[in-house]
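Colleague: There's a structure below that I have some questions on.
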Amino acid sequence: MTQNLHIVIIEDEAATARNLEYILQEIDPGIEIIKTLQSVAEAIDWFETNDNIYDVIFSDIRLSDGLSFEIFSKTKILKPVIFVTAYNDYAIEAFRNNGIDYVLKPFDREEILRTLLKYNTLIASDVNNELSKTKSLLHELQYATKQYKKSFLIHYCGRLIPVEAAKINWFYTANEIVYAYLADGRQYVVEFTLEQLERELNPSLFFRANRQFIINKTAVDAVEYFFNGRLLLKVHPLPQEQIIVSKAKAMDFRKWLDQ
C-alpha cells in the first residue's frame with residue numbers, strides 16, 4: 001500500500017463509517033483517518049479550511065441533508081474521491097466529481113482492497129492526468145443531448161392518464177410514496193422515487209428543494225427568508241407542510257430561480 005495514506009470519510013451512518021475505518025486500517029495499519037464527516041453542511045465547512053492534509057476521500061452519496069455532490073460543487077476539492085454507496089444509479093455524477101472508483105454497499109475487505117490498489121495504480125501513473133481525462137470524458141457525456149421526461153402515464157381509477165411534466169407544480173414524497181400535484185389541485189401517485197425524478201426532469205424547470213419536495217419553477221409564488229440562512233417557499237397549490245430550502249442549497253436555488 002501507499003505509505004502514510006491520509007483519508008477523509010464522508011458518511012452519515014456511524015456504524016458504516018466505523019466498519020470502513022476498521023477495514024482500511026486492517027488492510028494497512030499505516031492508513032490514517034484524518035476526519036469523518038456526517039453531513040453536506042459539515043463537510044463544506046471543513047473542506048473550506050482544510051486542504052492538502054489528506055490524500056483521498058471515501059464518500060457516501062446520500063447523506064442526511066442531501067447528496068454529497070453538493071460538497072464538491074461548493075468547494076475546491078482537487079483530491080480523488082472513492083464513492084461508497086448503496087445505490088448504483090449515480091455513477092456518471094460520481095465520476096464528474098473527481099471520482100476514481102465506485103463501491104457498492106454492503107462492501108467487504110476485498111472490495112476496499114481492490115479500490116485502494118486502483119488508487120495506487122493511478123498515483124503511480126499520475127493521478128492528476130488520469131482525473132483530467134476522466135473529467136473531460138464525463139463533461140462530454142454530461143452535455144450530450146439529453147432527453148428529459150416530458151410526460152407521465154399515470155394509473156388512476158383503472159385508467160391511464162397522460163400528464164405533461166411541465167404541468168406538475170411539485171412532487172412530494174411521504175411513506176415511500178411520491179405524489180404529483182397539478183396547478184388545479186389534482187394529485188396523482190407516480191411510480192418514481194424523488195431521486196429518479198431528479199435525474200429525469202429538466203433541471204432548468206425543476207429543483208430538488210429538500211428530501212421531500214421537487215418544485216416546478218412556475219409554481220413558486222414567493223420566497224421568504226427563514227431561520228439560519230434557510231429559505232421558505234410559497235408555492236401553489238399550497239402543500240400541507242412548509243417547504244424549506246437548506247442554507248447549503250439556498251444559493252443554488254436563488255441562482256436557479258433567477259435564470
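Identifiers for the C-alpha cells are assigned positionally: chains receive A, B, ... in sequence, residues are indexed from 1 per chain, and ligands are indexed from 1 in the order shown.
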Please provide the set of residues having any atom within 7 Å of Lys149 (chain A), restricted to only C-alpha atoms, with same-chain residues fewer than 2 positions apart removed, written as number ranges by chain.
Modeller: A: 147, 151, 165, 200-201
Colleague: Suppose we keep all heavy atoms; can you now write the selection as a PDB file, in the first residue's frame?
Modeller:
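Saved to selection-v5.pdb:
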```pdb
ATOM      1  N   GLN A 147     -32.514  13.711 -23.297  1.00  0.00           N
ATOM      2  CA  GLN A 147     -33.956  13.797 -23.425  1.00  0.00           C
ATOM      3  C   GLN A 147     -34.586  13.724 -22.037  1.00  0.00           C
ATOM      4  O   GLN A 147     -34.599  12.674 -21.412  1.00  0.00           O
ATOM      5  CB  GLN A 147     -34.474  12.645 -24.306  1.00  0.00           C
ATOM      6  CG  GLN A 147     -33.990  12.697 -25.737  1.00  0.00           C
ATOM      7  CD  GLN A 147     -34.509  13.927 -26.475  1.00  0.00           C
ATOM      8  OE1 GLN A 147     -35.653  14.322 -26.307  1.00  0.00           O
ATOM      9  NE2 GLN A 147     -33.652  14.528 -27.275  1.00  0.00           N
ATOM     10  N   SER A 151     -43.522  13.746 -20.115  1.00  0.00           N
ATOM     11  CA  SER A 151     -44.870  13.389 -19.676  1.00  0.00           C
ATOM     12  C   SER A 151     -44.834  12.128 -18.824  1.00  0.00           C
ATOM     13  O   SER A 151     -43.861  11.367 -18.859  1.00  0.00           O
ATOM     14  CB  SER A 151     -45.796  13.189 -20.869  1.00  0.00           C
ATOM     15  OG  SER A 151     -45.374  12.065 -21.630  1.00  0.00           O
ATOM     16  N   ALA A 165     -45.217  16.784 -17.911  1.00  0.00           N
ATOM     17  CA  ALA A 165     -44.330  17.075 -16.785  1.00  0.00           C
ATOM     18  C   ALA A 165     -44.378  18.555 -16.415  1.00  0.00           C
ATOM     19  O   ALA A 165     -44.392  18.915 -15.234  1.00  0.00           O
ATOM     20  CB  ALA A 165     -42.902  16.660 -17.127  1.00  0.00           C
ATOM     21  N   GLU A 200     -34.484  12.578 -14.135  1.00  0.00           N
ATOM     22  CA  GLU A 200     -35.292  12.526 -15.351  1.00  0.00           C
ATOM     23  C   GLU A 200     -35.892  13.869 -15.750  1.00  0.00           C
ATOM     24  O   GLU A 200     -36.213  14.089 -16.914  1.00  0.00           O
ATOM     25  CB  GLU A 200     -36.418  11.505 -15.176  1.00  0.00           C
ATOM     26  CG  GLU A 200     -35.953  10.066 -15.027  1.00  0.00           C
ATOM     27  CD  GLU A 200     -35.326   9.537 -16.298  1.00  0.00           C
ATOM     28  OE1 GLU A 200     -35.716   9.996 -17.394  1.00  0.00           O
ATOM     29  OE2 GLU A 200     -34.423   8.680 -16.206  1.00  0.00           O
ATOM     30  N   LEU A 201     -36.069  14.768 -14.779  1.00  0.00           N
ATOM     31  CA  LEU A 201     -36.729  16.038 -15.062  1.00  0.00           C
ATOM     32  C   LEU A 201     -35.727  17.098 -15.507  1.00  0.00           C
ATOM     33  O   LEU A 201     -34.562  17.082 -15.106  1.00  0.00           O
ATOM     34  CB  LEU A 201     -37.473  16.534 -13.816  1.00  0.00           C
ATOM     35  CG  LEU A 201     -38.643  15.658 -13.363  1.00  0.00           C
ATOM     36  CD1 LEU A 201     -39.104  16.075 -11.972  1.00  0.00           C
ATOM     37  CD2 LEU A 201     -39.795  15.723 -14.357  1.00  0.00           C
TER      38      LEU A 201
END
```
Colleague: Quick one: everything within 10 Å of Leu20 (chain A), counting only C-alpha atoms, minus sequence neighbours fewer than 2 positions away in the same chain. Send it as an MDAnalysis selection string.
Modeller: chainID A and resid 9 11 14:18 22:26 58 84 107:109 112
Colleague: Show me, as a short mmCIF file (atom, residue, chain, number, x, y, z; two decimals) with all heavy atoms, in the first residue's frame, the residues that have an atom within 12 Å of region 167-169 of chain A when counting only C-alpha atoms, minus same-chain residues fewer than 6 positions from it.
Modeller:
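The new file result.cif reads:
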```
data_model
loop_
_atom_site.label_atom_id
_atom_site.label_comp_id
_atom_site.auth_asym_id
_atom_site.auth_seq_id
_atom_site.Cartn_x
_atom_site.Cartn_y
_atom_site.Cartn_z
N LYS A 149 -37.65 13.92 -19.28
CA LYS A 149 -39.01 13.37 -19.27
C LYS A 149 -40.01 14.49 -19.52
O LYS A 149 -40.01 15.50 -18.82
CB LYS A 149 -39.29 12.67 -17.95
CG LYS A 149 -40.50 11.77 -18.00
CD LYS A 149 -40.51 10.83 -16.82
CE LYS A 149 -41.68 9.87 -16.91
NZ LYS A 149 -41.61 9.01 -18.11
N LYS A 150 -40.88 14.29 -20.52
CA LYS A 150 -41.84 15.32 -20.89
C LYS A 150 -43.26 15.01 -20.43
O LYS A 150 -44.10 15.90 -20.38
CB LYS A 150 -41.82 15.53 -22.40
CG LYS A 150 -40.50 16.06 -22.93
CD LYS A 150 -40.52 16.23 -24.44
CE LYS A 150 -39.19 16.77 -24.94
NZ LYS A 150 -39.16 16.91 -26.41
N SER A 151 -43.52 13.75 -20.11
CA SER A 151 -44.87 13.39 -19.68
C SER A 151 -44.83 12.13 -18.82
O SER A 151 -43.86 11.37 -18.86
CB SER A 151 -45.80 13.19 -20.87
OG SER A 151 -45.37 12.07 -21.63
N PHE A 152 -45.90 11.93 -18.08
CA PHE A 152 -46.05 10.75 -17.23
C PHE A 152 -47.36 10.06 -17.61
O PHE A 152 -48.40 10.72 -17.78
CB PHE A 152 -46.10 11.15 -15.75
CG PHE A 152 -44.82 11.70 -15.22
CD1 PHE A 152 -44.49 13.04 -15.40
CD2 PHE A 152 -43.92 10.89 -14.55
CE1 PHE A 152 -43.32 13.56 -14.90
CE2 PHE A 152 -42.73 11.39 -14.06
CZ PHE A 152 -42.42 12.73 -14.24
N TYR A 179 -46.06 11.72 -4.76
CA TYR A 179 -47.26 12.32 -5.30
C TYR A 179 -46.89 13.48 -6.22
O TYR A 179 -45.95 14.23 -5.96
CB TYR A 179 -48.15 12.86 -4.17
CG TYR A 179 -48.55 11.82 -3.16
CD1 TYR A 179 -47.76 11.56 -2.05
CD2 TYR A 179 -49.73 11.08 -3.32
CE1 TYR A 179 -48.12 10.60 -1.11
CE2 TYR A 179 -50.10 10.12 -2.38
CZ TYR A 179 -49.29 9.88 -1.29
OH TYR A 179 -49.65 8.93 -0.36
N ALA A 180 -47.66 13.61 -7.31
CA ALA A 180 -47.51 14.74 -8.22
C ALA A 180 -48.72 15.65 -8.06
O ALA A 180 -49.86 15.18 -8.12
CB ALA A 180 -47.42 14.25 -9.66
N TYR A 181 -48.48 16.94 -7.84
CA TYR A 181 -49.56 17.91 -7.63
C TYR A 181 -49.62 18.87 -8.81
O TYR A 181 -48.62 19.46 -9.21
CB TYR A 181 -49.33 18.70 -6.34
CG TYR A 181 -49.65 17.90 -5.09
CD1 TYR A 181 -48.78 16.92 -4.63
CD2 TYR A 181 -50.83 18.12 -4.37
CE1 TYR A 181 -49.06 16.17 -3.49
CE2 TYR A 181 -51.12 17.38 -3.23
CZ TYR A 181 -50.24 16.42 -2.80
OH TYR A 181 -50.54 15.68 -1.67
N LEU A 182 -50.83 19.01 -9.37
CA LEU A 182 -51.05 19.91 -10.50
C LEU A 182 -51.58 21.24 -10.02
O LEU A 182 -52.06 21.37 -8.89
CB LEU A 182 -52.01 19.29 -11.52
CG LEU A 182 -51.40 18.27 -12.50
CD1 LEU A 182 -50.87 17.05 -11.77
CD2 LEU A 182 -52.41 17.87 -13.55
N ALA A 183 -51.52 22.23 -10.90
CA ALA A 183 -51.95 23.58 -10.53
C ALA A 183 -53.41 23.65 -10.11
O ALA A 183 -53.79 24.46 -9.27
CB ALA A 183 -51.70 24.55 -11.69
N ASP A 184 -54.24 22.78 -10.67
CA ASP A 184 -55.67 22.81 -10.35
C ASP A 184 -56.02 22.04 -9.09
O ASP A 184 -57.18 21.85 -8.75
CB ASP A 184 -56.50 22.29 -11.53
CG ASP A 184 -56.13 20.85 -11.90
OD1 ASP A 184 -55.39 20.19 -11.15
OD2 ASP A 184 -56.59 20.39 -12.97
N GLY A 185 -55.00 21.55 -8.38
CA GLY A 185 -55.24 20.85 -7.13
C GLY A 185 -55.30 19.34 -7.24
O GLY A 185 -55.31 18.64 -6.23
N ARG A 186 -55.35 18.81 -8.45
CA ARG A 186 -55.36 17.37 -8.60
C ARG A 186 -54.02 16.78 -8.16
O ARG A 186 -52.98 17.40 -8.31
CB ARG A 186 -55.63 16.98 -10.06
CG ARG A 186 -57.06 17.17 -10.52
CD ARG A 186 -57.19 16.76 -11.98
NE ARG A 186 -56.43 17.65 -12.86
CZ ARG A 186 -56.08 17.34 -14.10
NH1 ARG A 186 -56.39 16.14 -14.59
NH2 ARG A 186 -55.41 18.21 -14.84
N GLN A 187 -54.09 15.57 -7.62
CA GLN A 187 -52.87 14.89 -7.21
C GLN A 187 -52.91 13.44 -7.66
O GLN A 187 -53.96 12.81 -7.69
CB GLN A 187 -52.66 14.95 -5.70
CG GLN A 187 -53.67 14.14 -4.89
CD GLN A 187 -53.36 14.16 -3.42
OE1 GLN A 187 -53.36 15.22 -2.81
NE2 GLN A 187 -53.10 13.00 -2.84
N TYR A 188 -51.75 12.93 -8.06
CA TYR A 188 -51.64 11.56 -8.53
C TYR A 188 -50.40 10.91 -7.90
O TYR A 188 -49.42 11.59 -7.58
CB TYR A 188 -51.48 11.50 -10.05
CG TYR A 188 -52.63 12.08 -10.83
CD1 TYR A 188 -52.51 13.31 -11.47
CD2 TYR A 188 -53.84 11.40 -10.93
CE1 TYR A 188 -53.56 13.84 -12.20
CE2 TYR A 188 -54.91 11.92 -11.66
CZ TYR A 188 -54.76 13.14 -12.29
OH TYR A 188 -55.81 13.66 -13.01
N VAL A 189 -50.46 9.60 -7.76
CA VAL A 189 -49.29 8.84 -7.33
C VAL A 189 -48.46 8.51 -8.57
O VAL A 189 -49.01 8.08 -9.59
CB VAL A 189 -49.70 7.54 -6.62
CG1 VAL A 189 -48.47 6.66 -6.33
CG2 VAL A 189 -50.43 7.86 -5.32
N VAL A 190 -47.15 8.75 -8.50
CA VAL A 190 -46.26 8.41 -9.61
C VAL A 190 -45.30 7.32 -9.16
O VAL A 190 -44.89 7.28 -8.00
CB VAL A 190 -45.48 9.64 -10.12
CG1 VAL A 190 -46.41 10.65 -10.74
CG2 VAL A 190 -44.67 10.28 -9.00
N LEU A 201 -36.07 14.77 -14.78
CA LEU A 201 -36.73 16.04 -15.06
C LEU A 201 -35.73 17.10 -15.51
O LEU A 201 -34.56 17.08 -15.11
CB LEU A 201 -37.47 16.53 -13.82
CG LEU A 201 -38.64 15.66 -13.36
CD1 LEU A 201 -39.10 16.07 -11.97
CD2 LEU A 201 -39.79 15.72 -14.36
N LEU A 205 -36.21 23.57 -15.17
CA LEU A 205 -37.60 23.76 -14.78
C LEU A 205 -37.88 23.24 -13.38
O LEU A 205 -38.72 23.81 -12.66
CB LEU A 205 -38.53 23.06 -15.79
CG LEU A 205 -40.04 23.26 -15.60
CD1 LEU A 205 -40.41 24.74 -15.70
CD2 LEU A 205 -40.81 22.45 -16.63
N PHE A 206 -37.18 22.17 -12.97
CA PHE A 206 -37.45 21.56 -11.67
C PHE A 206 -36.22 21.62 -10.76
O PHE A 206 -35.09 21.48 -11.22
CB PHE A 206 -37.87 20.09 -11.86
CG PHE A 206 -39.24 19.92 -12.47
CD1 PHE A 206 -39.37 19.78 -13.84
CD2 PHE A 206 -40.38 19.91 -11.68
CE1 PHE A 206 -40.62 19.63 -14.43
CE2 PHE A 206 -41.63 19.75 -12.25
CZ PHE A 206 -41.76 19.61 -13.63
N PHE A 207 -36.49 21.78 -9.45
CA PHE A 207 -35.41 21.90 -8.47
C PHE A 207 -35.73 21.02 -7.27
O PHE A 207 -36.86 21.05 -6.76
CB PHE A 207 -35.24 23.35 -8.03
CG PHE A 207 -34.06 23.60 -7.13
CD1 PHE A 207 -32.83 23.94 -7.67
CD2 PHE A 207 -34.18 23.51 -5.75
CE1 PHE A 207 -31.72 24.16 -6.84
CE2 PHE A 207 -33.10 23.73 -4.92
CZ PHE A 207 -31.86 24.06 -5.47
N PHE A 213 -39.42 17.38 -1.38
CA PHE A 213 -40.06 18.14 -2.45
C PHE A 213 -39.14 18.37 -3.65
O PHE A 213 -37.96 18.68 -3.50
CB PHE A 213 -40.49 19.52 -1.94
CG PHE A 213 -41.70 19.51 -1.05
CD1 PHE A 213 -41.56 19.41 0.33
CD2 PHE A 213 -42.98 19.60 -1.59
CE1 PHE A 213 -42.67 19.42 1.15
CE2 PHE A 213 -44.10 19.61 -0.77
CZ PHE A 213 -43.95 19.50 0.61
N ILE A 214 -39.72 18.26 -4.84
CA ILE A 214 -39.15 18.78 -6.08
C ILE A 214 -40.14 19.81 -6.61
O ILE A 214 -41.33 19.52 -6.75
CB ILE A 214 -38.92 17.67 -7.13
CG1 ILE A 214 -37.81 16.73 -6.66
CG2 ILE A 214 -38.56 18.27 -8.49
CD1 ILE A 214 -37.54 15.58 -7.62
N ILE A 215 -39.65 21.01 -6.93
CA ILE A 215 -40.52 22.13 -7.24
C ILE A 215 -40.39 22.55 -8.70
O ILE A 215 -39.29 22.64 -9.24
CB ILE A 215 -40.17 23.35 -6.34
CG1 ILE A 215 -40.19 22.94 -4.87
CG2 ILE A 215 -41.12 24.50 -6.59
CD1 ILE A 215 -41.53 22.46 -4.39
N ASN A 216 -41.52 22.83 -9.32
CA ASN A 216 -41.57 23.43 -10.65
C ASN A 216 -41.39 24.93 -10.49
O ASN A 216 -42.04 25.56 -9.64
CB ASN A 216 -42.90 23.11 -11.32
CG ASN A 216 -42.96 23.54 -12.78
OD1 ASN A 216 -42.38 24.55 -13.17
ND2 ASN A 216 -43.67 22.77 -13.58
N LYS A 217 -40.53 25.52 -11.31
CA LYS A 217 -40.27 26.96 -11.20
C LYS A 217 -41.55 27.79 -11.32
O LYS A 217 -41.72 28.80 -10.65
CB LYS A 217 -39.26 27.38 -12.27
CG LYS A 217 -38.80 28.82 -12.18
CD LYS A 217 -37.76 29.13 -13.25
CE LYS A 217 -36.49 28.35 -13.02
NZ LYS A 217 -35.42 28.73 -13.99
N THR A 218 -42.48 27.34 -12.17
CA THR A 218 -43.71 28.10 -12.38
C THR A 218 -44.64 28.07 -11.18
O THR A 218 -45.60 28.84 -11.12
CB THR A 218 -44.46 27.56 -13.61
OG1 THR A 218 -44.83 26.20 -13.38
CG2 THR A 218 -43.59 27.63 -14.85
N ALA A 219 -44.36 27.17 -10.23
CA ALA A 219 -45.23 27.05 -9.05
C ALA A 219 -44.81 27.98 -7.92
O ALA A 219 -45.56 28.16 -6.95
CB ALA A 219 -45.23 25.61 -8.54
N VAL A 220 -43.64 28.60 -8.03
CA VAL A 220 -43.12 29.43 -6.94
C VAL A 220 -43.76 30.82 -6.98
O VAL A 220 -43.57 31.56 -7.95
CB VAL A 220 -41.59 29.53 -7.01
CG1 VAL A 220 -41.07 30.41 -5.86
CG2 VAL A 220 -40.96 28.15 -6.97
N ASP A 221 -44.50 31.15 -5.94
CA ASP A 221 -45.13 32.47 -5.84
C ASP A 221 -44.23 33.47 -5.13
O ASP A 221 -44.22 34.66 -5.46
CB ASP A 221 -46.46 32.37 -5.08
CG ASP A 221 -47.48 31.55 -5.85
OD1 ASP A 221 -47.51 31.64 -7.08
OD2 ASP A 221 -48.26 30.81 -5.21
N LYS A 234 -43.11 29.70 -0.98
CA LYS A 234 -44.56 29.80 -1.10
C LYS A 234 -44.92 29.35 -2.52
O LYS A 234 -44.51 29.98 -3.49
CB LYS A 234 -45.01 31.24 -0.88
CG LYS A 234 -44.67 31.79 0.51
CD LYS A 234 -45.39 31.02 1.61
CE LYS A 234 -45.12 31.63 2.98
NZ LYS A 234 -45.80 30.89 4.06
N VAL A 235 -45.65 28.24 -2.61
CA VAL A 235 -45.97 27.67 -3.91
C VAL A 235 -47.47 27.42 -4.01
O VAL A 235 -48.20 27.49 -3.02
CB VAL A 235 -45.21 26.34 -4.13
CG1 VAL A 235 -43.70 26.54 -4.02
CG2 VAL A 235 -45.68 25.28 -3.13
N HIS A 236 -47.91 27.14 -5.23
CA HIS A 236 -49.29 26.75 -5.43
C HIS A 236 -49.33 25.44 -6.23
O HIS A 236 -48.47 25.24 -7.10
CB HIS A 236 -50.06 27.86 -6.18
CG HIS A 236 -49.52 28.13 -7.55
ND1 HIS A 236 -48.48 29.01 -7.79
CD2 HIS A 236 -49.87 27.62 -8.77
CE1 HIS A 236 -48.21 29.05 -9.09
NE2 HIS A 236 -49.04 28.20 -9.71
N PRO A 237 -50.29 24.58 -5.91
CA PRO A 237 -51.20 24.68 -4.77
C PRO A 237 -50.44 24.58 -3.44
O PRO A 237 -49.35 24.04 -3.40
CB PRO A 237 -52.14 23.48 -4.97
CG PRO A 237 -51.33 22.50 -5.74
CD PRO A 237 -50.46 23.32 -6.65
N LEU A 238 -51.02 25.08 -2.39
CA LEU A 238 -50.35 25.15 -1.10
C LEU A 238 -50.25 23.77 -0.47
O LEU A 238 -51.27 23.10 -0.28
CB LEU A 238 -51.12 26.10 -0.17
CG LEU A 238 -50.44 26.45 1.16
CD1 LEU A 238 -49.18 27.25 0.89
CD2 LEU A 238 -51.40 27.22 2.05
N PRO A 239 -49.05 23.29 -0.16
CA PRO A 239 -48.92 21.97 0.49
C PRO A 239 -49.29 22.04 1.97
O PRO A 239 -49.39 23.12 2.54
CB PRO A 239 -47.43 21.66 0.32
CG PRO A 239 -46.77 22.99 0.25
CD PRO A 239 -47.75 23.91 -0.43
#
```
Colleague: Going by DSSP on the backbone, which bits of region 9-231 of chain A are strand (DSSP E)? Write them as number ranges by chain, please.
Modeller: A: 9-10, 32-37, 56-59, 62-63, 66-67, 81-85, 99-104, 151-156, 159-164, 168-174, 177-182, 187-190, 206-208, 213-216, 220-225, 231
Colleague: Which neighbours of Ala248 (chain A) fall inside 10 Å, counting only C-alpha atoms, when residues of the same chain fewer than 4 positions from it are skipped, and could you give them as an MDAnalysis selection string?
Modeller: chainID A and resid 40:42 44 65:66 70:71 74 229:230 252:253
Colleague: Keeping all heavy atoms, export the residues of the selection given above as a compact mmCIF listing (two decimals), in the first residue's frame.
Modeller:
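Below you can see result_10.txt, which holds the result:
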```
# COMPACT_ATOMS: atom_id res chain seq x y z
N VAL A 40 -23.58 17.11 4.51
CA VAL A 40 -23.13 18.03 3.46
C VAL A 40 -22.64 19.32 4.09
O VAL A 40 -21.55 19.82 3.77
CB VAL A 40 -24.29 18.31 2.47
CG1 VAL A 40 -23.89 19.44 1.51
CG2 VAL A 40 -24.67 17.06 1.70
N ALA A 41 -23.43 19.88 5.00
CA ALA A 41 -23.08 21.17 5.62
C ALA A 41 -21.76 21.08 6.39
O ALA A 41 -20.90 21.97 6.28
CB ALA A 41 -24.21 21.62 6.54
N GLU A 42 -21.60 20.02 7.17
CA GLU A 42 -20.37 19.86 7.94
C GLU A 42 -19.16 19.71 7.02
O GLU A 42 -18.09 20.28 7.27
CB GLU A 42 -20.48 18.63 8.85
CG GLU A 42 -19.24 18.40 9.71
CD GLU A 42 -19.28 17.09 10.49
OE1 GLU A 42 -20.17 16.25 10.20
OE2 GLU A 42 -18.41 16.90 11.36
N ILE A 44 -18.78 20.79 3.87
CA ILE A 44 -18.46 22.06 3.20
C ILE A 44 -17.65 22.96 4.12
O ILE A 44 -16.63 23.53 3.73
CB ILE A 44 -19.75 22.76 2.73
CG1 ILE A 44 -20.38 21.98 1.57
CG2 ILE A 44 -19.46 24.20 2.30
CD1 ILE A 44 -21.74 22.49 1.15
N ASP A 65 -28.62 15.36 4.83
CA ASP A 65 -29.11 16.67 4.38
C ASP A 65 -28.93 16.88 2.87
O ASP A 65 -28.92 18.01 2.40
CB ASP A 65 -28.43 17.80 5.16
CG ASP A 65 -26.91 17.78 5.03
OD1 ASP A 65 -26.36 16.73 4.60
OD2 ASP A 65 -26.27 18.79 5.36
N GLY A 66 -28.78 15.82 2.10
CA GLY A 66 -28.68 15.97 0.65
C GLY A 66 -27.65 15.04 0.05
O GLY A 66 -27.13 14.14 0.71
N GLU A 70 -23.13 17.99 -3.71
CA GLU A 70 -23.19 19.41 -3.33
C GLU A 70 -21.86 19.86 -2.74
O GLU A 70 -21.43 21.00 -2.94
CB GLU A 70 -24.30 19.66 -2.33
CG GLU A 70 -25.70 19.44 -2.85
CD GLU A 70 -26.74 19.73 -1.78
OE1 GLU A 70 -26.58 20.74 -1.07
OE2 GLU A 70 -27.69 18.95 -1.63
N ILE A 71 -21.21 18.97 -1.99
CA ILE A 71 -19.93 19.31 -1.35
C ILE A 71 -18.90 19.67 -2.41
O ILE A 71 -18.20 20.68 -2.30
CB ILE A 71 -19.43 18.12 -0.51
CG1 ILE A 71 -20.44 17.74 0.56
CG2 ILE A 71 -18.07 18.44 0.11
CD1 ILE A 71 -20.17 16.38 1.21
N LYS A 74 -19.44 22.99 -4.26
CA LYS A 74 -19.32 24.22 -3.46
C LYS A 74 -17.92 24.42 -2.89
O LYS A 74 -17.66 25.45 -2.27
CB LYS A 74 -20.34 24.20 -2.33
CG LYS A 74 -21.79 24.23 -2.79
CD LYS A 74 -22.74 24.18 -1.61
CE LYS A 74 -24.19 24.11 -2.07
NZ LYS A 74 -24.60 25.30 -2.82
N GLY A 229 -30.33 31.17 7.66
CA GLY A 229 -29.96 31.23 6.27
C GLY A 229 -30.77 30.36 5.34
O GLY A 229 -30.46 30.25 4.16
N ARG A 230 -31.81 29.72 5.86
CA ARG A 230 -32.66 28.89 5.02
C ARG A 230 -33.74 29.73 4.34
O ARG A 230 -33.92 30.90 4.64
CB ARG A 230 -33.32 27.79 5.87
CG ARG A 230 -32.32 26.80 6.46
CD ARG A 230 -33.00 25.77 7.35
NE ARG A 230 -33.54 26.41 8.55
CZ ARG A 230 -34.35 25.80 9.42
NH1 ARG A 230 -34.72 24.53 9.19
NH2 ARG A 230 -34.79 26.44 10.48
N ASP A 252 -27.85 28.02 -4.57
CA ASP A 252 -28.15 27.34 -5.82
C ASP A 252 -29.61 27.55 -6.21
O ASP A 252 -29.92 27.74 -7.40
CB ASP A 252 -27.88 25.84 -5.69
CG ASP A 252 -26.40 25.52 -5.68
OD1 ASP A 252 -25.61 26.38 -6.12
OD2 ASP A 252 -26.03 24.43 -5.24
N PHE A 253 -30.49 27.52 -5.22
CA PHE A 253 -31.91 27.73 -5.51
C PHE A 253 -32.15 29.14 -6.05
O PHE A 253 -32.88 29.33 -7.03
CB PHE A 253 -32.75 27.52 -4.25
CG PHE A 253 -34.22 27.80 -4.47
CD1 PHE A 253 -35.04 26.86 -5.07
CD2 PHE A 253 -34.78 29.03 -4.10
CE1 PHE A 253 -36.39 27.11 -5.29
CE2 PHE A 253 -36.11 29.29 -4.31
CZ PHE A 253 -36.92 28.33 -4.91
```
Colleague: Between A:Asp55, A:Glu191, A:Asp258, A:Glu224, which one has atoms that come closest to Lys35 (chain A), using only C-alpha atoms?
Modeller: A:Asp55
Colleague: At what distance in Å, to one decimal, does CA of Ala43 (chain A) lie from CA of Lys247 (chain A)?
Modeller: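 These two atoms are separated by 13.5 Å.
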Colleague: Counting only C-alpha atoms, which residue out of A:Ile10, A:Ala174, A:Leu5, A:Ala86 sits closest to Tyr54 (chain A)?
Modeller: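 For Tyr54 (chain A), the nearest of the given residues is A:Leu5.
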Colleague: Which is closest to Ser59 (chain A) among A:Thr115, A:Thr36, A:Gln240, A:Asn4, if we use only C-alpha atoms?
Modeller: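 Comparing A:Thr115, A:Thr36, A:Gln240, A:Asn4 against Ser59 (chain A), the winner is A:Thr36.
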Colleague: Could you pull out the helix (DSSP H, G or I) residues of region 121-255 of chain A from DSSP and send them as an MDAnalysis selection string?
Modeller: chainID A and resid 121:124 127:143 165:167 194:200 217:219 227:229 247:255
Colleague: CA of Phe72 (chain A) and CA of Arg211 (chain A), how far apart in Å?
Modeller: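 Between these atoms lies a distance of 18.9 Å.
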Colleague: What's the 10 Å shell around Ser73 (chain A), counting only C-alpha atoms, without same-chain residues fewer than 4 positions away, as a list in words?
Modeller: Ile44, Ser68, Phe69, Ile77 and Asn97 of chain A
Colleague: Please provide the set of residues having any atom within 10 Å of Arg114 (chain A), restricted to only C-alpha atoms, with same-chain residues fewer than 5 positions apart removed, written as a compact mmCIF listing (two decimals) with all heavy atoms, in the first residue's frame.
Modeller:
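Once written, result07.txt looks like this:
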```txt
# COMPACT_ATOMS: atom_id res chain seq x y z
N ASP A 101 -13.32 5.73 -8.33
CA ASP A 101 -13.91 4.41 -8.19
C ASP A 101 -15.26 4.53 -7.50
O ASP A 101 -15.61 5.58 -6.94
CB ASP A 101 -13.00 3.48 -7.39
CG ASP A 101 -13.18 2.02 -7.78
OD1 ASP A 101 -14.11 1.72 -8.55
OD2 ASP A 101 -12.39 1.17 -7.30
N VAL A 103 -17.86 2.07 -5.11
CA VAL A 103 -18.00 0.84 -4.34
C VAL A 103 -19.43 0.74 -3.81
O VAL A 103 -19.93 1.66 -3.17
CB VAL A 103 -17.02 0.81 -3.14
CG1 VAL A 103 -17.21 -0.47 -2.33
CG2 VAL A 103 -15.58 0.92 -3.63
N ARG A 109 -13.85 -6.50 2.68
CA ARG A 109 -12.42 -6.22 2.66
C ARG A 109 -11.85 -6.29 1.25
O ARG A 109 -11.05 -5.44 0.85
CB ARG A 109 -11.68 -7.21 3.57
CG ARG A 109 -10.19 -6.94 3.69
CD ARG A 109 -9.51 -8.00 4.54
NE ARG A 109 -8.11 -7.67 4.78
CZ ARG A 109 -7.12 -7.89 3.91
NH1 ARG A 109 -7.41 -8.45 2.73
NH2 ARG A 109 -5.88 -7.56 4.21
N TYR A 119 -6.31 3.00 -6.65
CA TYR A 119 -5.77 4.31 -6.29
C TYR A 119 -4.25 4.32 -6.42
O TYR A 119 -3.67 5.26 -6.97
CB TYR A 119 -6.19 4.66 -4.86
CG TYR A 119 -5.49 5.88 -4.31
CD1 TYR A 119 -5.91 7.16 -4.66
CD2 TYR A 119 -4.39 5.75 -3.46
CE1 TYR A 119 -5.26 8.29 -4.17
CE2 TYR A 119 -3.74 6.86 -2.96
CZ TYR A 119 -4.17 8.13 -3.32
OH TYR A 119 -3.52 9.24 -2.84
N ASN A 120 -3.60 3.28 -5.93
CA ASN A 120 -2.13 3.20 -6.02
C ASN A 120 -1.66 3.20 -7.47
O ASN A 120 -0.66 3.82 -7.82
CB ASN A 120 -1.63 1.93 -5.32
CG ASN A 120 -1.69 2.06 -3.81
OD1 ASN A 120 -1.77 3.16 -3.28
ND2 ASN A 120 -1.68 0.93 -3.13
```
